[in-house]
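Structure data follow from target.cif (mmCIF, C-alpha atoms and all ligand atoms):
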data_work
#
loop_
_atom_site.label_atom_id
_atom_site.label_comp_id
_atom_site.auth_asym_id
_atom_site.auth_seq_id
_atom_site.Cartn_x
_atom_site.Cartn_y
_atom_site.Cartn_z
CA MET A 1 0.00 0.00 0.00
CA GLN A 2 1.24 3.49 -0.83
CA PHE A 3 -0.24 6.18 1.39
CA THR A 4 1.42 9.51 2.11
CA VAL A 5 0.51 11.96 4.85
CA ALA A 6 2.10 15.40 4.34
CA VAL A 7 2.37 17.55 7.48
CA ASP A 8 3.58 21.13 6.98
CA GLY A 9 3.59 24.32 9.01
CA PRO A 10 5.74 26.92 10.75
CA ALA A 11 8.30 26.34 13.53
CA ALA A 12 7.10 24.60 16.71
CA ALA A 13 3.51 24.33 15.52
CA GLY A 14 3.32 20.69 16.65
CA LYS A 15 4.15 18.98 13.33
CA GLY A 16 6.59 16.49 14.84
CA THR A 17 4.38 15.58 17.80
CA ILE A 18 1.36 15.04 15.54
CA SER A 19 3.37 13.14 12.90
CA LYS A 20 4.86 10.74 15.45
CA ALA A 21 1.40 10.06 16.88
CA LEU A 22 -0.07 9.42 13.40
CA ALA A 23 2.81 7.09 12.51
CA ALA A 24 2.28 5.08 15.69
CA LYS A 25 -1.51 4.96 15.38
CA PHE A 26 -1.63 3.93 11.70
CA GLY A 27 1.64 1.96 11.47
CA LEU A 28 3.25 4.40 9.03
CA ALA A 29 6.95 5.24 8.72
CA HIS A 30 7.86 8.82 9.78
CA LEU A 31 10.45 11.22 8.36
CA ASP A 32 11.19 14.58 10.03
CA THR A 33 12.47 16.39 6.92
CA GLY A 34 13.63 19.39 9.00
CA LEU A 35 16.38 17.15 10.30
CA LEU A 36 17.87 16.95 6.78
CA TYR A 37 18.16 20.76 6.55
CA ARG A 38 19.43 20.98 10.15
CA ALA A 39 22.14 18.42 9.35
CA VAL A 40 23.20 20.31 6.19
CA GLY A 41 23.39 23.59 8.14
CA ALA A 42 25.36 22.00 10.99
CA LYS A 43 27.85 20.27 8.71
CA GLY A 44 29.45 23.54 7.60
CA GLY A 45 31.49 23.95 4.42
CA ASP A 46 29.71 24.06 1.07
CA PRO A 47 26.01 23.38 1.80
CA ILE A 48 25.35 21.96 -1.67
CA GLU A 49 28.12 19.39 -1.25
CA ALA A 50 26.90 18.70 2.30
CA ALA A 51 23.36 18.03 1.01
CA LYS A 52 24.67 15.68 -1.71
CA SER A 53 26.71 13.64 0.76
CA LEU A 54 24.52 13.46 3.92
CA THR A 55 25.07 10.31 5.99
CA GLU A 56 23.20 8.62 8.85
CA ALA A 57 25.91 9.95 11.18
CA ASP A 58 25.18 13.55 10.08
CA LEU A 59 21.51 13.00 10.98
CA ALA A 60 22.38 11.48 14.37
CA ARG A 61 24.33 14.49 15.72
CA ASP A 62 22.88 15.53 19.07
CA ASP A 63 23.29 19.28 18.48
CA LEU A 64 20.61 19.44 15.76
CA ARG A 65 17.72 20.42 18.08
CA SER A 66 19.16 23.82 19.08
CA GLN A 67 17.91 27.22 17.92
CA THR A 68 21.34 27.80 16.34
CA ALA A 69 20.90 24.66 14.23
CA ALA A 70 17.36 25.75 13.31
CA SER A 71 18.59 29.16 12.08
CA ALA A 72 21.43 27.59 10.11
CA ALA A 73 18.92 25.14 8.56
CA SER A 74 16.66 27.92 7.31
CA LYS A 75 19.64 29.71 5.74
CA VAL A 76 20.76 26.69 3.69
CA ALA A 77 17.10 25.87 2.92
CA VAL A 78 16.81 28.90 0.60
CA ILE A 79 19.41 27.39 -1.78
CA PRO A 80 17.61 25.60 -4.65
CA GLU A 81 20.50 23.13 -5.22
CA VAL A 82 20.36 22.11 -1.55
CA ARG A 83 16.61 21.43 -1.80
CA ALA A 84 17.08 19.55 -5.09
CA ALA A 85 19.77 17.32 -3.56
CA LEU A 86 17.35 16.26 -0.78
CA THR A 87 14.27 15.69 -2.97
CA ASP A 88 14.77 12.08 -4.14
CA PHE A 89 15.46 10.80 -0.63
CA GLN A 90 12.21 12.37 0.63
CA ARG A 91 10.13 11.11 -2.33
CA ASP A 92 11.52 7.57 -2.02
CA PHE A 93 10.67 7.62 1.68
CA ALA A 94 7.12 8.86 0.92
CA GLN A 95 6.53 6.03 -1.56
CA ARG A 96 7.66 3.18 0.66
CA ASP A 97 5.33 0.23 0.93
CA GLY A 98 3.14 0.50 4.01
CA GLY A 99 2.80 4.27 3.86
CA ALA A 100 4.61 7.22 5.40
CA VAL A 101 4.17 10.51 7.23
CA LEU A 102 6.60 13.32 6.32
CA ASP A 103 6.69 16.62 8.17
CA GLY A 104 8.34 19.82 6.98
CA ARG A 105 7.50 22.96 5.03
CA ASP A 106 6.97 21.90 1.40
CA ILE A 107 5.78 18.29 1.63
CA GLY A 108 2.21 18.92 0.42
CA THR A 109 3.21 21.60 -2.10
CA VAL A 110 6.46 20.33 -3.69
CA ILE A 111 7.73 16.97 -2.41
CA CYS A 112 4.42 15.05 -2.43
CA PRO A 113 1.82 17.15 -4.27
CA LYS A 114 -0.34 14.01 -4.65
CA ALA A 115 -0.24 13.00 -0.97
CA GLU A 116 -3.45 11.29 0.14
CA VAL A 117 -3.68 13.54 3.21
CA LYS A 118 -2.25 17.05 3.59
CA LEU A 119 -2.29 18.76 6.95
CA PHE A 120 -1.10 22.31 7.66
CA ILE A 121 -0.46 22.69 11.38
CA THR A 122 -0.20 26.23 12.69
CA ALA A 123 -0.48 28.36 15.86
CA SER A 124 0.24 31.98 16.77
CA ALA A 125 3.94 32.95 16.86
CA GLU A 126 3.67 33.71 20.61
CA VAL A 127 2.24 30.29 21.43
CA ARG A 128 4.81 28.52 19.26
CA ALA A 129 7.73 30.46 20.74
CA HIS A 130 6.46 29.74 24.25
CA ARG A 131 6.36 25.99 23.49
CA ARG A 132 9.88 26.05 22.03
CA TRP A 133 11.10 28.05 25.06
CA LEU A 134 9.60 25.43 27.41
CA GLU A 135 11.54 22.76 25.48
CA LEU A 136 14.88 24.52 25.05
CA GLY A 137 15.00 27.26 27.67
CA GLY A 138 16.94 30.47 26.99
CA ILE A 139 15.42 33.94 26.89
CA GLU A 140 11.80 33.80 25.76
CA VAL A 141 11.82 37.04 23.70
CA GLU A 142 14.94 35.82 21.89
CA VAL A 143 13.25 32.50 21.08
CA LEU A 144 10.25 34.47 19.74
CA ALA A 145 12.53 36.66 17.58
CA GLU A 146 14.27 33.56 16.17
CA VAL A 147 10.96 31.85 15.39
CA ILE A 148 9.60 34.97 13.65
CA ALA A 149 12.82 35.52 11.64
CA ARG A 150 12.82 31.87 10.54
CA ASP A 151 9.13 31.91 9.56
CA GLU A 152 9.74 35.05 7.46
CA ARG A 153 12.70 33.44 5.69
CA ASP A 154 10.72 30.22 5.10
CA MET A 155 7.61 32.05 3.78
CA ASN A 156 9.44 34.53 1.56
CA ARG A 157 12.02 32.35 -0.21
CA ALA A 158 11.56 31.88 -3.96
CA ASP A 159 11.99 28.08 -3.97
CA ALA A 160 9.37 25.98 -2.12
CA PRO A 161 8.13 28.70 0.28
CA LEU A 162 6.13 27.70 3.36
CA LYS A 163 2.42 27.92 2.54
CA PRO A 164 -0.57 25.61 2.87
CA ALA A 165 -1.31 23.50 -0.23
CA ALA A 166 -4.65 24.47 -1.80
CA ASP A 167 -6.10 21.11 -0.64
CA ALA A 168 -4.54 21.07 2.85
CA ILE A 169 -6.60 20.75 6.02
CA VAL A 170 -5.50 23.62 8.28
CA ILE A 171 -5.36 22.89 12.03
CA ASP A 172 -4.68 25.88 14.29
CA THR A 173 -3.40 24.44 17.59
CA SER A 174 -3.04 27.81 19.41
CA HIS A 175 -5.81 26.93 21.85
CA MET A 176 -5.78 23.15 21.47
CA SER A 177 -4.30 20.48 23.69
CA ILE A 178 -1.84 18.07 22.06
CA GLU A 179 -4.44 15.31 22.44
CA ALA A 180 -7.13 17.35 20.66
CA ALA A 181 -4.75 18.25 17.80
CA ILE A 182 -3.75 14.60 17.37
CA ALA A 183 -7.41 13.51 17.40
CA GLU A 184 -8.30 16.00 14.64
CA ALA A 185 -5.32 14.94 12.51
CA ALA A 186 -6.07 11.24 13.06
CA ALA A 187 -9.69 11.73 11.97
CA ALA A 188 -8.50 13.31 8.72
CA VAL A 189 -6.19 10.34 8.05
CA ALA A 190 -8.78 7.72 9.00
CA ALA A 191 -11.28 9.30 6.59
CA ARG A 192 -8.90 8.72 3.65
CA LEU A 193 -7.27 5.43 4.59
CA PRO A 194 -8.12 2.63 2.11
CA ALA A 195 -10.40 0.00 3.70
O1 LIG B 1 7.61 19.77 14.88
P1 LIG B 1 7.29 21.16 15.30
O2 LIG B 1 8.47 22.04 15.39
O3 LIG B 1 6.19 21.78 14.48
O4 LIG B 1 6.67 21.09 16.77
P2 LIG B 1 6.80 19.98 17.91
O5 LIG B 1 8.24 19.73 18.17
O6 LIG B 1 5.93 18.82 17.61
O7 LIG B 1 6.13 20.73 19.13
C1 LIG B 1 6.78 21.81 19.78
C2 LIG B 1 6.43 21.77 21.25
O8 LIG B 1 5.07 22.16 21.42
C3 LIG B 1 6.56 20.38 21.90
O9 LIG B 1 7.14 20.55 23.17
C4 LIG B 1 5.12 19.92 22.03
O10 LIG B 1 4.95 19.07 23.14
C5 LIG B 1 4.38 21.23 22.22
N1 LIG B 1 2.98 21.18 21.73
C6 LIG B 1 1.98 21.69 22.51
O11 LIG B 1 2.24 22.12 23.62
N2 LIG B 1 0.67 21.69 22.07
C7 LIG B 1 0.35 21.22 20.86
N3 LIG B 1 -0.93 21.24 20.45
C8 LIG B 1 1.38 20.72 20.03
C9 LIG B 1 2.71 20.73 20.50
O1 LIG B 2 10.98 21.92 14.30
P1 LIG B 2 10.91 23.23 13.55
O2 LIG B 2 9.60 23.39 12.87
O3 LIG B 2 11.31 24.41 14.38
O4 LIG B 2 12.04 23.17 12.40
P2 LIG B 2 12.38 22.03 11.37
O5 LIG B 2 11.14 21.40 10.85
O6 LIG B 2 13.41 21.13 11.95
O7 LIG B 2 13.03 22.85 10.16
C1 LIG B 2 14.18 23.65 10.31
C2 LIG B 2 14.27 24.53 9.06
O8 LIG B 2 14.54 23.68 7.93
C3 LIG B 2 13.02 25.30 8.70
O9 LIG B 2 12.94 26.56 9.34
C4 LIG B 2 13.15 25.45 7.19
O10 LIG B 2 13.95 26.54 6.83
C5 LIG B 2 13.89 24.18 6.77
N1 LIG B 2 13.00 23.17 6.20
C6 LIG B 2 12.61 23.31 4.88
O11 LIG B 2 12.97 24.30 4.23
N2 LIG B 2 11.84 22.36 4.28
C7 LIG B 2 11.42 21.29 4.96
N3 LIG B 2 10.68 20.36 4.34
C8 LIG B 2 11.78 21.13 6.32
C9 LIG B 2 12.56 22.10 6.92
#
Rewrite the coordinates I just gave you, this time as structure tokens.
Amino acid sequence: MQFTVAVDGPAAAGKGTISKALAAKFGLAHLDTGLLYRAVGAKGGDPIEAAKSLTEADLARDDLRSQTAASAASKVAVIPEVRAALTDFQRDFAQRDGGAVLDGRDIGTVICPKAEVKLFITASAEVRAHRRWLELGGIEVEVLAEVIARDERDMNRADAPLKPAADAIVIDTSHMSIEAAIAEAAAAVAARLPA
């Protein structure tokens, strides 16, 4: 069975949490595509070469969760050759037998425009920055500034900008519990799953 769930949205909206829950509930494989861009940014040197030669070890670095890694990711993510070098890996993952959930920025628009389910998870910048601050600590207004700067870069780049696909289901989690957001996403998947 091929069945792709595309989960996009801005920083710290809840994409990863929802995607992991969907993967577990429906037995789908999960790929956090942000990790690919974080690994390219963290590798240093020529980002295009880094994207062409990513290894499992690059993806397993334990410094990829930081705000510094997130900023570096969004800077290399504007480079079309970097995005192109990561496309086949993501598409192959999406087409694996048994189905897959991919979360990122351009899954429903560019990587998997024919995905069976497209979700766009969002929340206000203040709520998202507060969640990221609870996870990572630091100074909350600085986390908010980083999140806003990264959203702007992601939404305004020429290649694969962050935006909901025309046929995406938009879920605003600003005032939703994690459980409620997962339940809404799971209902959307269940409605499209082949019998
Ligand atoms: O993957 P993404 O950056 O979109 O977000 P995440 O890592 O899934 O979620 C960011 C943080 O927000 C995590 O600590 C989640 O537990 C939390 N969260 C929340 O408090 N309420 C939600 N409805 C969704 C996520
Ligand atoms: O978890 P969070 O939403 O904060 O970030 P992430 O999903 O790990 O993505 C880090 C950065 O990688 C984003 O700000 C984007 O610039 C870039 N990215 C992208 O361009 N396309 C994707 N499919 C995934 C991430």
Find the residues around region 29-39 of chain A up to 7 Å (all atoms listed in the file counted), leave out those fewer than 6 positions away in its own chain, and share them as a PDB file with C-alpha atoms, in the frame of the given file.
ATOM      1  CA  GLY A  16       6.590  16.490  14.840  1.00  0.00           C
ATOM      2  CA  SER A  19       3.370  13.140  12.900  1.00  0.00           C
ATOM      3  CA  LYS A  20       4.860  10.740  15.450  1.00  0.00           C
ATOM      4  CA  ALA A  23       2.810   7.090  12.510  1.00  0.00           C
ATOM      5  CA  ASP A  58      25.180  13.550  10.080  1.00  0.00           C
ATOM      6  CA  LEU A  59      21.510  13.000  10.980  1.00  0.00           C
ATOM      7  CA  LEU A  64      20.610  19.440  15.760  1.00  0.00           C
ATOM      8  CA  ALA A  69      20.900  24.660  14.230  1.00  0.00           C
ATOM      9  CA  ALA A  70      17.360  25.750  13.310  1.00  0.00           C
ATOM     10  CA  ALA A  72      21.430  27.590  10.110  1.00  0.00           C
ATOM     11  CA  ALA A  73      18.920  25.140   8.560  1.00  0.00           C
ATOM     12  CA  ALA A  77      17.100  25.870   2.920  1.00  0.00           C
ATOM     13  CA  GLY A  99       2.800   4.270   3.860  1.00  0.00           C
ATOM     14  CA  ALA A 100       4.610   7.220   5.400  1.00  0.00           C
ATOM     15  CA  VAL A 101       4.170  10.510   7.230  1.00  0.00           C
ATOM     16  CA  LEU A 102       6.600  13.320   6.320  1.00  0.00           C
ATOM     17  CA  ASP A 103       6.690  16.620   8.170  1.00  0.00           C
ATOM     18  CA  GLY A 104       8.340  19.820   6.980  1.00  0.00           C
TER      19      GLY A 104
END
Next item on the list: Check which residues fall inside 6 Å of ligand LIG 1 (chain B) when counting all atoms listed in the file, and print them as number ranges by chain.
Entry: A: 11-17, 131-132, 135, 173, 176-178, 181
Item checked: All residues 9 Å or closer to Ala51 (chain A), all atoms listed in the file, same chain fewer than 5 positions away omitted, as a list in words ->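 The residues that qualify are Leu36, Tyr37, Ala39, Val40, Asp46, Glu81, Val82, Arg83, Ala84, Ala85 and Leu86 of chain A.
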Note to self: Measuring between all atoms listed in the file, which one of A:Gly41, A:Pro194, A:Pro164, A:Gly138 shows the shortest distance to Ala6 (chain A)?
What the structure shows: A:Pro164
Note to self: Could you check the closest approach to ligand LIG 2 (chain B) for each of A:Asp159, A:Asp167, A:Glu152, A:Asp106 and tell me which residue wins, using only C-alpha atoms and all ligand atoms?
What the structure shows: A:Asp106
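Among A:Gln2, A:Leu193, A:Val117, A:Arg128, the residue with the shortest atom-to-atom distance to Ala165 (chain A), counting only C-alpha atoms, is A:Val117.
For the point (-4.5, 8.2, 15.4), the residues with at least one atom inside 6 Å, counting only C-alpha atoms, are Leu22, Lys25 and Ala186 of chain A.
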Next item on the list: Between A:Glu179, A:Asp62, A:Asp172, A:Glu146, single out the one closest to ligand LIG 2 (chain B), counting all atoms listed in the file.
Entry: A:Glu146
Check: Pick the closest to ligand LIG 2 (chain B) from A:Asp8, A:Glu56, A:Asp97, A:Glu116: which is it, counting all atoms listed in the file?
Finding: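 Of A:Asp8, A:Glu56, A:Asp97, A:Glu116, the one nearest ligand LIG 2 (chain B), counting all atoms listed in the file, is A:Asp8.
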Next item on the list: Considering all atoms listed in the file, state which residue in the set A:Ala57, A:Leu134, A:Val147, A:Ile139 is at the smallest distance from ligand LIG 2 (chain B).
Entry: A:Val147
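One distance worth recording is that between CA of Asp154 (chain A) and atom C9 of ligand LIG 2 (chain B), which is 8.5 Å.
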Next item on the list: Please indicate the distance in Å from CA of Ile111 (chain A) to CA of Thr87 (chain A), rounded to one decimal place.
Entry: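 Interatomic distance here is 6.7 Å.
Of note, CA of Glu140 (chain A) and CA of Asn156 (chain A) are spaced 24.3 Å apart.
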Note to self: So that I can see what lies close to Arg153 (chain A), please list as a list in words the residues with an atom at most 8 Å from it, counting only C-alpha atoms and leaving out residues fewer than 4 positions away in the same chain.
What the structure shows: Ser74, Lys75, Val78, Ala149 and Arg157 of chain A
Go ahead and write the residues just picked, C-alpha atoms, as a PDB file, keeping the file's coordinate frame.
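Result saved to result-v3.pdb:
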ATOM      1  CA  SER A  74      16.660  27.920   7.310  1.00  0.00           C
ATOM      2  CA  LYS A  75      19.640  29.710   5.740  1.00  0.00           C
ATOM      3  CA  VAL A  78      16.810  28.900   0.600  1.00  0.00           C
ATOM      4  CA  ALA A 149      12.820  35.520  11.640  1.00  0.00           C
ATOM      5  CA  ARG A 157      12.020  32.350  -0.210  1.00  0.00           C
TER       6      ARG A 157
END
